[in-house]
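Data block for start.txt (compact mmCIF, C-alpha atoms):
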```
# COMPACT_ATOMS: atom_id res chain seq x y z
CA MET Z 1 118.74 -113.13 23.80
CA GLY Z 2 120.35 -113.86 26.95
CA MET Z 3 122.69 -116.13 28.55
CA VAL Z 4 121.87 -119.59 29.54
CA SER Z 5 123.61 -121.24 32.36
CA HIS Z 6 123.90 -124.92 32.03
CA SER Z 7 126.48 -125.39 34.66
CA ALA Z 8 125.58 -126.10 38.19
CA ARG Z 9 126.59 -123.45 40.59
CA VAL Z 10 124.64 -124.77 43.47
CA SER Z 11 124.45 -128.37 44.38
CA PHE Z 12 121.28 -129.13 46.17
CA GLY Z 13 121.23 -131.63 48.92
CA ALA Z 14 118.68 -134.30 49.23
CA PRO Z 15 115.84 -132.17 50.36
CA VAL Z 16 116.01 -129.81 47.58
CA LEU Z 17 114.59 -131.43 44.64
CA ALA Z 18 111.57 -132.22 46.03
CA ALA Z 19 108.88 -129.91 45.47
CA PHE Z 20 107.29 -126.59 45.20
CA ALA Z 21 106.61 -124.36 47.88
CA VAL Z 22 103.64 -123.96 49.62
CA ALA Z 23 103.44 -124.13 53.00
CA ALA Z 24 104.81 -123.13 55.97
CA ALA Z 25 103.94 -122.35 59.06
CA LEU Z 26 102.50 -119.91 61.16
CA GLY Z 27 100.69 -120.68 64.10
CA THR Z 28 98.04 -118.24 64.16
CA GLY Z 29 98.63 -115.59 61.75
CA VAL Z 30 98.01 -117.04 58.33
CA SER Z 31 96.15 -114.51 56.33
CA GLY Z 32 93.42 -115.96 54.29
CA ALA Z 33 92.81 -118.67 56.84
CA THR Z 34 89.34 -120.00 56.86
CA GLY Z 35 89.67 -122.05 59.95
CA VAL Z 36 88.77 -125.65 60.33
CA SER Z 37 88.42 -128.14 62.95
CA GLY Z 38 90.52 -130.96 63.93
CA ALA Z 39 91.24 -134.08 65.68
CA ALA Z 40 90.32 -135.04 69.16
CA GLY Z 41 92.31 -136.37 72.03
CA PRO Z 42 94.73 -135.04 74.52
CA GLY Z 43 97.51 -133.08 72.98
CA ALA Z 44 95.84 -133.06 69.61
CA ARG Z 45 95.34 -129.72 68.03
CA ALA Z 46 92.78 -128.71 65.56
CA ALA Z 47 93.88 -128.84 61.95
CA ARG Z 48 93.99 -125.47 60.35
CA SER Z 49 92.80 -125.01 56.87
CA PHE Z 50 93.13 -121.97 54.75
CA THR Z 51 93.35 -120.77 51.20
CA LEU Z 52 96.91 -120.72 50.08
CA SER Z 53 98.11 -118.11 47.65
CA ASP Z 54 101.85 -117.89 47.15
CA SER Z 55 104.05 -116.64 44.32
CA ALA Z 56 107.76 -116.80 43.73
CA ASN Z 57 110.30 -115.63 41.20
CA LEU Z 58 112.92 -118.34 40.91
CA ARG Z 59 116.45 -118.32 39.62
CA LEU Z 60 118.16 -121.16 37.79
CA ASN Z 61 120.63 -123.10 39.90
CA ASN Z 62 121.27 -126.03 37.62
CA HIS Z 63 120.21 -127.30 34.23
CA LYS Z 64 120.87 -130.90 33.32
CA GLY Z 65 119.14 -132.59 30.45
CA VAL Z 66 115.44 -131.89 30.68
CA GLU Z 67 115.60 -130.85 34.34
CA LEU Z 68 115.81 -127.33 35.70
CA LYS Z 69 116.57 -126.76 39.37
CA GLU Z 70 115.42 -123.39 40.61
CA SER Z 71 115.31 -121.56 43.90
CA GLY Z 72 113.92 -118.36 45.33
CA TYR Z 73 111.68 -116.88 47.97
CA ALA Z 74 107.94 -117.34 48.06
CA LYS Z 75 105.71 -114.43 48.92
CA GLY Z 76 102.12 -114.78 50.03
CA ASN Z 77 100.42 -116.24 53.05
CA LEU Z 78 103.14 -118.87 53.58
CA PRO Z 79 106.34 -117.01 52.81
CA GLY Z 80 109.74 -118.69 52.86
CA SER Z 81 112.51 -120.20 50.81
CA ILE Z 82 111.42 -122.42 47.98
CA TYR Z 83 113.16 -124.93 45.76
CA ILE Z 84 111.67 -126.44 42.69
CA GLN Z 85 112.80 -129.09 40.26
CA LEU Z 86 111.09 -128.80 36.91
CA ARG Z 87 111.24 -131.69 34.52
CA LEU Z 88 110.23 -131.19 30.90
CA PRO Z 89 110.18 -134.59 29.22
CA THR Z 90 108.39 -133.08 26.23
CA PRO Z 91 107.69 -129.53 25.01
CA HIS Z 92 104.09 -129.95 26.12
CA TYR Z 93 104.29 -131.33 29.63
CA VAL Z 94 106.08 -130.42 32.81
CA THR Z 95 106.30 -132.08 36.21
CA ALA Z 96 107.63 -130.44 39.34
CA LYS Z 97 108.84 -131.36 42.77
CA ILE Z 98 108.65 -128.58 45.25
CA GLN Z 99 110.14 -128.02 48.66
CA ALA Z 100 109.16 -124.98 50.70
CA TYR Z 101 110.48 -123.78 54.02
CA PRO Z 102 107.97 -121.51 55.71
CA SER Z 103 108.43 -120.54 59.31
CA GLY Z 104 108.14 -123.50 61.63
CA GLY Z 105 108.62 -126.35 59.22
CA SER Z 106 108.73 -127.47 55.64
CA LEU Z 107 106.36 -128.61 52.97
CA ALA Z 108 106.84 -130.93 50.03
CA ALA Z 109 104.63 -131.08 46.99
CA SER Z 110 104.49 -132.43 43.49
CA ALA Z 111 102.82 -130.94 40.46
CA SER Z 112 102.13 -131.57 36.83
CA ALA Z 113 101.10 -129.12 34.18
CA THR Z 114 100.71 -128.58 30.49
CA TYR Z 115 103.41 -126.45 28.94
CA ARG Z 116 102.91 -123.99 26.11
CA LEU Z 117 105.32 -121.86 24.20
CA VAL Z 118 104.00 -118.28 24.25
CA THR Z 119 106.79 -116.64 22.29
CA SER Z 120 110.19 -117.93 21.22
CA SER Z 121 111.63 -116.68 24.50
CA SER Z 122 108.84 -117.41 26.96
CA ALA Z 123 106.56 -120.27 27.89
CA SER Z 124 103.76 -120.80 30.36
CA PHE Z 125 102.50 -123.78 32.30
CA SER Z 126 99.28 -124.52 34.12
CA GLY Z 127 98.20 -127.54 36.10
CA THR Z 128 97.65 -128.91 39.57
CA MET Z 129 99.73 -129.51 42.67
CA ASN Z 130 99.40 -131.98 45.53
CA ILE Z 131 101.03 -131.62 48.91
CA THR Z 132 102.96 -134.80 49.62
CA GLY Z 133 104.38 -134.19 53.07
CA GLY Z 134 105.82 -131.81 55.53
CA SER Z 135 107.71 -131.41 58.75
CA GLY Z 136 107.48 -129.41 61.94
CA ARG Z 137 104.30 -127.40 62.04
CA TYR Z 138 103.38 -128.84 58.66
CA ALA Z 139 103.98 -132.47 59.43
CA LYS Z 140 100.33 -133.24 58.76
CA ALA Z 141 99.88 -130.91 55.85
CA LYS Z 142 97.33 -131.95 53.27
CA GLY Z 143 96.13 -130.49 50.04
CA SER Z 144 95.35 -131.74 46.59
CA GLY Z 145 94.32 -130.25 43.33
CA LEU Z 146 95.80 -126.88 44.11
CA SER Z 147 96.31 -124.59 41.15
CA PHE Z 148 99.90 -124.55 39.91
CA SER Z 149 100.90 -122.13 37.17
CA GLY Z 150 103.78 -120.02 36.02
CA THR Z 151 106.07 -118.85 33.28
CA VAL Z 152 109.54 -119.69 32.04
CA HIS Z 153 111.86 -117.10 30.55
CA ARG Z 154 113.90 -119.23 28.13
CA PRO Z 155 117.02 -117.05 27.75
CA SER Z 156 117.69 -116.92 31.49
CA GLU Z 157 115.68 -120.01 32.41
CA ALA Z 158 114.18 -118.03 35.26
CA VAL Z 159 110.81 -119.31 36.42
CA SER Z 160 107.90 -117.60 38.12
CA VAL Z 161 105.31 -119.74 39.85
CA HIS Z 162 101.99 -119.19 41.55
CA VAL Z 163 100.16 -121.67 43.72
CA SER Z 164 96.69 -121.29 45.12
CA GLY Z 165 94.01 -123.43 46.66
CA ASN Z 166 92.83 -124.97 49.88
CA MET Z 167 95.17 -126.80 52.21
CA SER Z 168 95.27 -127.84 55.82
CA TYR Z 169 97.99 -128.59 58.34
CA MET H 1 129.22 -138.54 14.65
CA ALA H 2 127.28 -141.70 14.46
CA SER H 3 124.51 -142.62 12.16
CA LEU H 4 122.54 -145.53 10.99
CA ALA H 5 119.99 -145.69 8.28
CA ALA H 6 117.13 -147.91 7.42
CA VAL H 7 115.06 -148.14 4.31
CA GLY H 8 111.26 -147.88 4.68
CA CYS H 9 108.61 -149.07 4.42
CA LEU H 10 107.41 -150.50 7.66
CA ALA H 11 103.71 -150.74 7.11
CA ALA H 12 102.73 -153.52 4.78
CA ALA H 13 99.79 -151.57 3.42
CA SER H 14 101.97 -148.62 2.56
CA CYS H 15 104.56 -150.83 0.93
CA ALA H 16 101.98 -152.47 -1.26
CA GLN H 17 100.89 -149.14 -2.66
CA ALA H 18 104.06 -147.18 -2.69
CA SER H 19 106.52 -147.18 -5.50
CA GLU H 20 108.75 -144.94 -3.42
CA ALA H 21 111.44 -146.16 -1.06
CA VAL H 22 113.05 -143.92 1.50
CA ARG H 23 116.37 -144.21 3.27
CA LEU H 24 116.43 -142.24 6.51
CA GLN H 25 119.61 -141.16 8.28
CA ALA H 26 120.12 -139.61 11.69
CA SER H 27 123.13 -138.61 13.72
CA PHE H 28 124.29 -136.75 16.82
CA THR H 29 127.35 -134.48 16.74
CA PRO H 30 128.85 -134.93 19.26
CA ASP H 31 127.48 -138.30 20.23
CA ARG H 32 127.96 -138.52 23.97
CA PHE H 33 125.55 -138.99 26.84
CA GLY H 34 124.28 -135.80 28.42
CA VAL H 35 125.98 -133.32 26.11
CA SER H 36 124.54 -130.63 23.90
CA THR H 37 124.40 -132.00 20.39
CA THR H 38 123.50 -131.17 16.83
CA ILE H 39 120.90 -133.52 15.40
CA GLY H 40 121.56 -134.41 11.80
CA PHE H 41 118.90 -136.01 9.68
CA GLY H 42 118.53 -136.74 6.04
CA PHE H 43 116.57 -138.87 3.64
CA THR H 44 116.92 -140.17 0.12
CA ILE H 45 113.83 -141.02 -1.92
CA SER H 46 113.90 -143.39 -4.85
CA ASN H 47 111.35 -145.02 -7.11
CA THR H 48 111.38 -148.79 -6.87
CA GLU H 49 110.00 -149.06 -10.40
CA GLY H 50 112.52 -146.70 -11.92
CA GLY H 51 112.01 -143.13 -12.91
CA LEU H 52 111.40 -140.24 -10.60
CA PRO H 53 109.65 -140.61 -7.25
CA ALA H 54 106.34 -138.83 -6.83
CA PRO H 55 106.59 -135.32 -5.37
CA LEU H 56 106.74 -135.30 -1.55
CA THR H 57 103.78 -133.65 0.17
CA HIS H 58 104.22 -134.30 3.91
CA VAL H 59 106.87 -135.44 6.36
CA ASP H 60 106.47 -136.41 10.02
CA LEU H 61 109.80 -136.79 11.79
CA LEU H 62 109.45 -138.45 15.18
CA MET H 63 112.28 -137.81 17.59
CA PRO H 64 113.52 -140.21 20.25
CA PRO H 65 111.82 -139.77 23.64
CA GLY H 66 113.69 -137.68 26.17
CA MET H 67 115.01 -135.21 23.63
CA ASN H 68 113.34 -131.92 24.33
CA TYR H 69 114.09 -128.99 22.12
CA ILE H 70 112.50 -126.55 24.55
CA THR H 71 115.23 -127.01 27.18
CA SER H 72 117.92 -126.00 24.69
CA SER H 73 118.81 -122.37 24.05
CA LEU H 74 118.02 -122.70 20.36
CA GLY H 75 115.48 -120.36 18.82
CA LEU H 76 115.44 -117.55 21.39
CA ALA H 77 114.17 -115.10 18.80
CA THR H 78 111.29 -115.38 16.35
CA CYS H 79 111.52 -115.24 12.59
CA GLN H 80 108.37 -113.91 10.97
CA PRO H 81 107.47 -115.93 7.85
CA LYS H 82 106.53 -112.85 5.86
CA ARG H 83 109.89 -111.19 6.56
CA LEU H 84 111.62 -114.39 5.57
CA GLU H 85 109.73 -114.54 2.28
CA GLU H 86 110.43 -110.90 1.51
CA LYS H 87 114.02 -110.50 2.62
CA GLY H 88 115.37 -114.01 2.89
CA LEU H 89 117.62 -115.02 5.75
CA SER H 90 118.67 -111.42 6.38
CA GLY H 91 115.07 -110.67 7.38
CA CYS H 92 115.33 -112.82 10.48
CA PRO H 93 117.33 -112.48 13.71
CA ALA H 94 120.45 -114.59 14.04
CA ASN H 95 119.09 -115.98 17.29
CA SER H 96 116.14 -117.52 15.44
CA ARG H 97 118.34 -119.89 13.45
CA LEU H 98 118.05 -123.56 14.35
CA GLY H 99 120.05 -125.38 11.70
CA MET H 100 120.82 -125.72 8.03
CA GLY H 101 121.11 -128.15 5.19
CA SER H 102 120.71 -128.76 1.49
CA ALA H 103 118.55 -130.73 -0.92
CA PHE H 104 118.61 -132.26 -4.35
CA VAL H 105 115.61 -132.26 -6.66
CA GLU H 106 114.92 -133.56 -10.14
CA VAL H 107 112.62 -132.11 -12.74
CA PRO H 108 110.13 -134.33 -14.55
CA PHE H 109 111.60 -133.68 -17.97
CA GLY H 110 114.97 -134.17 -19.53
CA GLN H 111 117.42 -136.80 -18.42
CA ASN H 112 119.23 -136.64 -15.11
CA ALA H 113 118.21 -133.05 -14.89
CA GLY H 114 119.01 -132.78 -11.21
CA HIS H 115 119.32 -129.50 -9.41
CA GLU H 116 120.82 -128.86 -6.03
CA ILE H 117 119.19 -126.54 -3.55
CA PRO H 118 122.38 -125.51 -1.85
CA GLU H 119 120.81 -123.74 1.06
CA ILE H 120 118.06 -124.85 3.40
CA GLN H 121 117.75 -122.95 6.65
CA ALA H 122 115.70 -123.95 9.69
CA LEU H 123 114.45 -121.08 11.85
CA MET H 124 112.22 -120.54 14.85
CA GLY H 125 108.80 -119.35 13.75
CA PRO H 126 105.96 -117.86 15.78
CA PRO H 127 104.49 -120.53 18.10
CA HIS H 128 101.17 -122.02 17.06
CA ASP H 129 98.75 -123.28 19.73
CA GLY H 130 101.64 -123.36 22.19
CA ASN H 131 103.71 -125.53 19.87
CA VAL H 132 107.18 -124.87 18.51
CA VAL H 133 107.07 -123.94 14.82
CA VAL H 134 110.11 -124.53 12.64
CA LEU H 135 110.31 -122.52 9.44
CA PHE H 136 112.24 -124.02 6.55
CA TYR H 137 113.67 -121.65 3.99
CA ALA H 138 114.84 -123.19 0.72
CA ASN H 139 116.93 -120.83 -1.32
CA GLY H 140 116.90 -122.41 -4.76
CA LEU H 141 118.69 -121.41 -7.90
CA ALA H 142 117.26 -120.61 -11.30
CA PRO H 143 115.91 -122.02 -13.46
CA VAL H 144 113.91 -124.35 -11.25
CA PHE H 145 112.55 -121.98 -8.65
CA ALA H 146 113.45 -119.20 -6.34
CA GLN H 147 112.83 -119.05 -2.60
CA ILE H 148 110.35 -121.18 -0.72
CA VAL H 149 109.21 -120.98 2.90
CA PHE H 150 107.28 -123.73 4.62
CA ALA H 151 106.60 -124.58 8.25
CA GLY H 152 106.76 -127.63 10.46
CA GLU H 153 105.08 -127.87 13.85
CA LEU H 154 106.41 -129.81 16.81
CA VAL H 155 103.44 -131.80 18.06
CA SER H 156 103.12 -134.60 20.56
CA GLY H 157 104.31 -137.83 18.96
CA GLY H 158 102.64 -140.30 21.30
CA GLY H 159 103.56 -143.92 21.74
CA ALA H 160 107.18 -144.86 22.21
CA PHE H 161 108.41 -141.79 20.40
CA GLY H 162 109.01 -138.24 21.49
CA GLU H 163 107.97 -135.18 19.58
CA ASP H 164 106.76 -135.20 16.00
CA LEU H 165 108.01 -132.49 13.65
CA SER H 166 105.13 -132.42 11.20
CA ALA H 167 105.65 -130.48 7.97
CA ALA H 168 103.52 -130.08 4.88
CA ILE H 169 105.84 -129.75 1.88
CA PRO H 170 104.70 -127.35 -0.82
CA LEU H 171 104.79 -128.49 -4.40
CA ILE H 172 107.75 -126.91 -6.12
CA PRO H 173 107.04 -126.00 -9.75
CA SER H 174 109.74 -127.01 -12.18
CA VAL H 175 108.90 -124.10 -14.47
CA THR H 176 106.07 -121.59 -14.39
CA ASN H 177 102.83 -123.57 -14.41
CA GLY H 178 104.90 -126.70 -14.96
CA PRO H 179 104.77 -130.02 -13.14
CA PRO H 180 106.31 -130.16 -9.66
CA VAL H 181 109.85 -131.32 -9.09
CA SER H 182 110.65 -134.51 -7.20
CA ILE H 183 112.68 -134.21 -4.03
CA VAL H 184 115.24 -136.99 -4.04
CA ASN H 185 117.55 -136.04 -1.20
CA VAL H 186 117.48 -133.76 1.85
CA LYS H 187 120.09 -133.23 4.56
CA SER H 188 119.61 -130.90 7.48
CA THR H 189 120.68 -130.23 11.02
CA ILE H 190 119.00 -128.91 14.15
CA GLY H 191 121.60 -127.74 16.62
CA PRO H 192 124.40 -125.33 17.42
CA LYS H 193 126.92 -126.56 14.85
CA HIS H 194 127.77 -123.66 12.52
CA LEU H 195 125.44 -121.31 14.42
CA THR H 196 126.43 -118.13 16.22
CA TYR H 197 123.98 -116.29 18.46
CA TYR H 198 124.43 -112.79 19.86
CA ARG H 199 123.73 -111.18 23.19
CA ARG H 200 124.38 -107.74 24.51
CA VAL H 201 127.15 -107.45 27.08
CA HIS H 202 127.96 -103.99 28.43
CA GLY H 203 126.26 -102.44 25.44
CA ARG H 204 128.08 -104.52 22.85
CA LEU H 205 126.87 -107.50 20.88
CA VAL H 206 128.91 -110.57 21.68
CA GLY H 207 128.70 -113.80 19.72
CA TYR H 208 128.25 -117.12 21.44
CA LYS H 209 127.37 -120.71 20.63
CA PRO H 210 123.85 -121.72 21.68
CA THR H 211 123.28 -125.00 23.45
CA GLY H 212 121.51 -127.74 21.59
CA VAL H 213 119.26 -130.55 22.63
CA GLU H 214 121.06 -132.86 25.02
CA VAL H 215 121.65 -136.50 24.23
CA PRO H 216 119.61 -138.41 26.84
CA GLU H 217 121.55 -140.16 29.62
CA ARG H 218 119.76 -143.42 28.88
CA CYS H 219 119.88 -145.11 25.51
CA PRO H 220 117.29 -147.68 24.48
CA ARG H 221 118.50 -151.07 23.29
CA GLY H 222 119.35 -150.71 19.63
CA GLY H 223 120.00 -146.99 19.83
CA PHE H 224 118.00 -143.77 19.76
CA PRO H 225 115.09 -144.29 17.34
CA PHE H 226 114.07 -141.79 14.68
CA THR H 227 111.04 -142.55 12.57
CA ALA H 228 109.78 -140.60 9.59
CA ARG H 229 106.55 -140.90 7.68
CA PHE H 230 106.54 -139.64 4.11
CA SER H 231 103.44 -138.90 2.05
CA PHE H 232 103.53 -138.40 -1.70
CA LEU H 233 101.41 -136.65 -4.28
CA ASP H 234 100.31 -139.97 -5.78
CA GLY H 235 98.66 -140.88 -2.46
CA SER H 236 101.28 -143.36 -1.33
CA ALA H 237 103.01 -143.26 2.06
CA VAL H 238 106.23 -144.73 3.35
CA THR H 239 107.64 -145.05 6.87
CA ALA H 240 111.37 -145.27 7.47
CA VAL H 241 113.35 -145.79 10.66
CA ALA H 242 116.89 -144.93 11.64
CA HIS H 243 118.74 -145.45 14.90
CA VAL H 244 121.60 -143.43 16.29
CA PRO H 245 123.79 -146.00 18.04
CA CYS H 246 124.20 -145.65 21.79
CA PRO H 247 127.33 -143.69 22.68
CA PRO H 248 130.06 -145.62 24.47
CA ARG H 249 129.96 -145.35 28.25
CA ARG H 250 132.96 -143.60 29.69
CA ARG H 251 135.04 -145.77 31.94
CA ARG H 252 135.43 -144.62 35.51
CA ARG H 253 138.99 -144.42 36.72
```
Whole structure, structure tokens version:
Amino acid sequence: MGMVSHSARVSFGAPVLAAFAVAAALGTGVSGATGVSGAAGPGARAARSFTLSDSANLRLNNHKGVELKESGYAKGNLPGSIYIQLRLPTPHYVTAKIQAYPSGGSLAASASATYRLVTSSSASFSGTMNITGGSGRYAKAKGSGLSFSGTVHRPSEAVSVHVSGNMSY
Amino acid sequence: MASLAAVGCLAAASCAQASEAVRLQASFTPDRFGVSTTIGFGFTISNTEGGLPAPLTHVDLLMPPGMNYITSSLGLATCQPKRLEEKGLSGCPANSRLGMGSAFVEVPFGQNAGHEIPEIQALMGPPHDGNVVVLFYANGLAPVFAQIVFAGELVSGGGAFGEDLSAAIPLIPSVTNGPPVSIVNVKSTIGPKHLTYYRRVHGRLVGYKPTGVEVPERCPRGGFPFTARFSFLDGSAVTAVAHVPCPPRRRRR
């Protein structure tokens, strides 16, 4: 039994409700990088691809209707601030918009997952995530079908998420 | 509170077979866009040919889309069915309570031998296959029966509707080894009205009001639709619909 905050303490600006965090930047030092080739032409750099694996424990910022807005810090091979908007139109399905701010840029992604009640106070979700855009170092970020999973603690509405899979930027 | 009721049946095939008619009612308290509300629902069953309706065996209550129980703070604790059967309501945590109501049944002998079931409690049960399970506890009075526990599961409703609370209704014996009673009226709520939850603050339990399901910000033309399908022991089935009228939009100053 815990408290539930339904009042908005933080008002996100436009960028916030966009997506889950993945990405971010690093020029050379992404651990888990597998390396990949890239485009040709003067000034073009090779696209980097690697296996993303990031996790974050998120705190509720705002709850309105069937939407939860959460924020936190992602840890993994693309660490940085992360904002996520979870939408639960039914007790069995969740969609998410994610915005992540790794070093050197930002990443946007969207996800959908099935949602299951585990106990009366906790639920889990599991599905896939697609990278939808980015900026800075991640302006050309791509990735689809990444694994997207996590848990929701109902009393506090805190969310933990984990994303993994192959992406390039 | 707003409510609107409609008498079933919708399906022609069901109507042709059924001698039961059902009036469904639904309401939101309060009834305003985007606020935590208590959902009230009720139904009255009658026999179109006179006499008692057949005993009810199954109810599917389909909620309006956009109303998601899981984003409320209702049912943060679990009530174990066995504890509920053994100890009654005191066997379950306060934070597992979801709502309450009452019912009226009639026995198949005597005249106008109606009996009220003054207490029906809805509680959060252990999830099943990832679904919300609602336990209903009917605390009846002698001589008809004692305490009954049955479960409903919140499953995907499909189509234009939201979730489907699907509950098999046990047959309630009128007397030991006697014929089952007929349920003629049920009223219940799901929501924070009359509920108090508890949380620990600085080592002390403090009461608070849980938040209910929020009334969606958008209302379909004609109101928020509730549909219920009723199945009876005689094999007949009836569908009834009720709409909660759209709340008035607040004027901007």
Only residues of chain H matter here; which ones have an atom within 9 Å of chain Z, counting only C-alpha atoms? Give them as a tab-separated table (two decimals) with C-alpha atoms, keeping the file's coordinate frame.
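part26.tsv, freshly written:
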```tsv
chain	number	residue	atom	x	y	z
H	34	GLY	CA	124.28	-135.80	28.42
H	35	VAL	CA	125.98	-133.32	26.11
H	36	SER	CA	124.54	-130.63	23.90
H	65	PRO	CA	111.82	-139.77	23.64
H	66	GLY	CA	113.69	-137.68	26.17
H	67	MET	CA	115.01	-135.21	23.63
H	68	ASN	CA	113.34	-131.92	24.33
H	69	TYR	CA	114.09	-128.99	22.12
H	70	ILE	CA	112.50	-126.55	24.55
H	71	THR	CA	115.23	-127.01	27.18
H	72	SER	CA	117.92	-126.00	24.69
H	73	SER	CA	118.81	-122.37	24.05
H	75	GLY	CA	115.48	-120.36	18.82
H	76	LEU	CA	115.44	-117.55	21.39
H	77	ALA	CA	114.17	-115.10	18.80
H	78	THR	CA	111.29	-115.38	16.35
H	95	ASN	CA	119.09	-115.98	17.29
H	96	SER	CA	116.14	-117.52	15.44
H	124	MET	CA	112.22	-120.54	14.85
H	125	GLY	CA	108.80	-119.35	13.75
H	126	PRO	CA	105.96	-117.86	15.78
H	127	PRO	CA	104.49	-120.53	18.10
H	128	HIS	CA	101.17	-122.02	17.06
H	129	ASP	CA	98.75	-123.28	19.73
H	130	GLY	CA	101.64	-123.36	22.19
H	131	ASN	CA	103.71	-125.53	19.87
H	132	VAL	CA	107.18	-124.87	18.51
H	154	LEU	CA	106.41	-129.81	16.81
H	155	VAL	CA	103.44	-131.80	18.06
H	156	SER	CA	103.12	-134.60	20.56
H	162	GLY	CA	109.01	-138.24	21.49
H	163	GLU	CA	107.97	-135.18	19.58
H	197	TYR	CA	123.98	-116.29	18.46
H	198	TYR	CA	124.43	-112.79	19.86
H	199	ARG	CA	123.73	-111.18	23.19
H	200	ARG	CA	124.38	-107.74	24.51
H	210	PRO	CA	123.85	-121.72	21.68
H	211	THR	CA	123.28	-125.00	23.45
H	213	VAL	CA	119.26	-130.55	22.63
H	214	GLU	CA	121.06	-132.86	25.02
H	215	VAL	CA	121.65	-136.50	24.23
H	216	PRO	CA	119.61	-138.41	26.84
H	217	GLU	CA	121.55	-140.16	29.62
```
Can you tell me which residues surround H:Thr227 at a distance of at most 9 Å, considering only C-alpha atoms, apart from same-chain residues fewer than 4 positions away, and format the answer as a list of chain:residue names? H:Leu24, H:Asp60, H:Leu61, H:Leu62, H:Met63, H:Pro64, H:Phe161, H:Thr239, H:Ala240, H:Val241, H:Ala242, H:His243
Keeping only C-alpha atoms, take the residues you just selected and write them out as a compact mmCIF listing (two decimals), in the frame of the given file.
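What ended up in selection.txt:
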```txt
# COMPACT_ATOMS: atom_id res chain seq x y z
CA LEU H 24 116.43 -142.24 6.51
CA ASP H 60 106.47 -136.41 10.02
CA LEU H 61 109.80 -136.79 11.79
CA LEU H 62 109.45 -138.45 15.18
CA MET H 63 112.28 -137.81 17.59
CA PRO H 64 113.52 -140.21 20.25
CA PHE H 161 108.41 -141.79 20.40
CA THR H 239 107.64 -145.05 6.87
CA ALA H 240 111.37 -145.27 7.47
CA VAL H 241 113.35 -145.79 10.66
CA ALA H 242 116.89 -144.93 11.64
CA HIS H 243 118.74 -145.45 14.90
```
So which one's closest to H:Val149, H:Pro81, H:Pro192, H:Gly223, H:Gly42? Using all atoms listed in the file, please.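 For H:Val149, the nearest of the given residues is H:Pro81.
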Tell me which protein, DNA and RNA residues are within 9 Å of H:Ile117, counting only C-alpha atoms, leaving out same-chain ones fewer than 6 positions away, and put them as a ChimeraX atom specification. /H:102-105,138-141
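Put simply, atom CA of Z:Tyr169 is 9.0 Å away from atom CA of Z:Phe50.
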Please provide as a PyMOL selection string all residues within 9 Å of Z:Met129, with the sequence filter that same-chain residues fewer than 3 positions apart are discarded (counting all atoms listed in the file). chain Z and resi 20+96+109-113+143-148+163
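Minimum atom-to-atom distance to Z:Ala100, evaluated using only C-alpha atoms, belongs to Z:Ser71 out of Z:Ser126, Z:Ser71, Z:Asn166, Z:Ser160.
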Closest of H:Ser188, H:Ser46, H:Ser166, H:Ser174 to H:Ala26 - atom-to-atom distances counting all atoms listed in the file: H:Ser188
Please, what distance in Å, to one decimal, runs between atom CA of Z:Pro79 and atom CA of Z:Arg59?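 Taking atom CA of Z:Pro79 and atom CA of Z:Arg59, their separation equals 16.7 Å.
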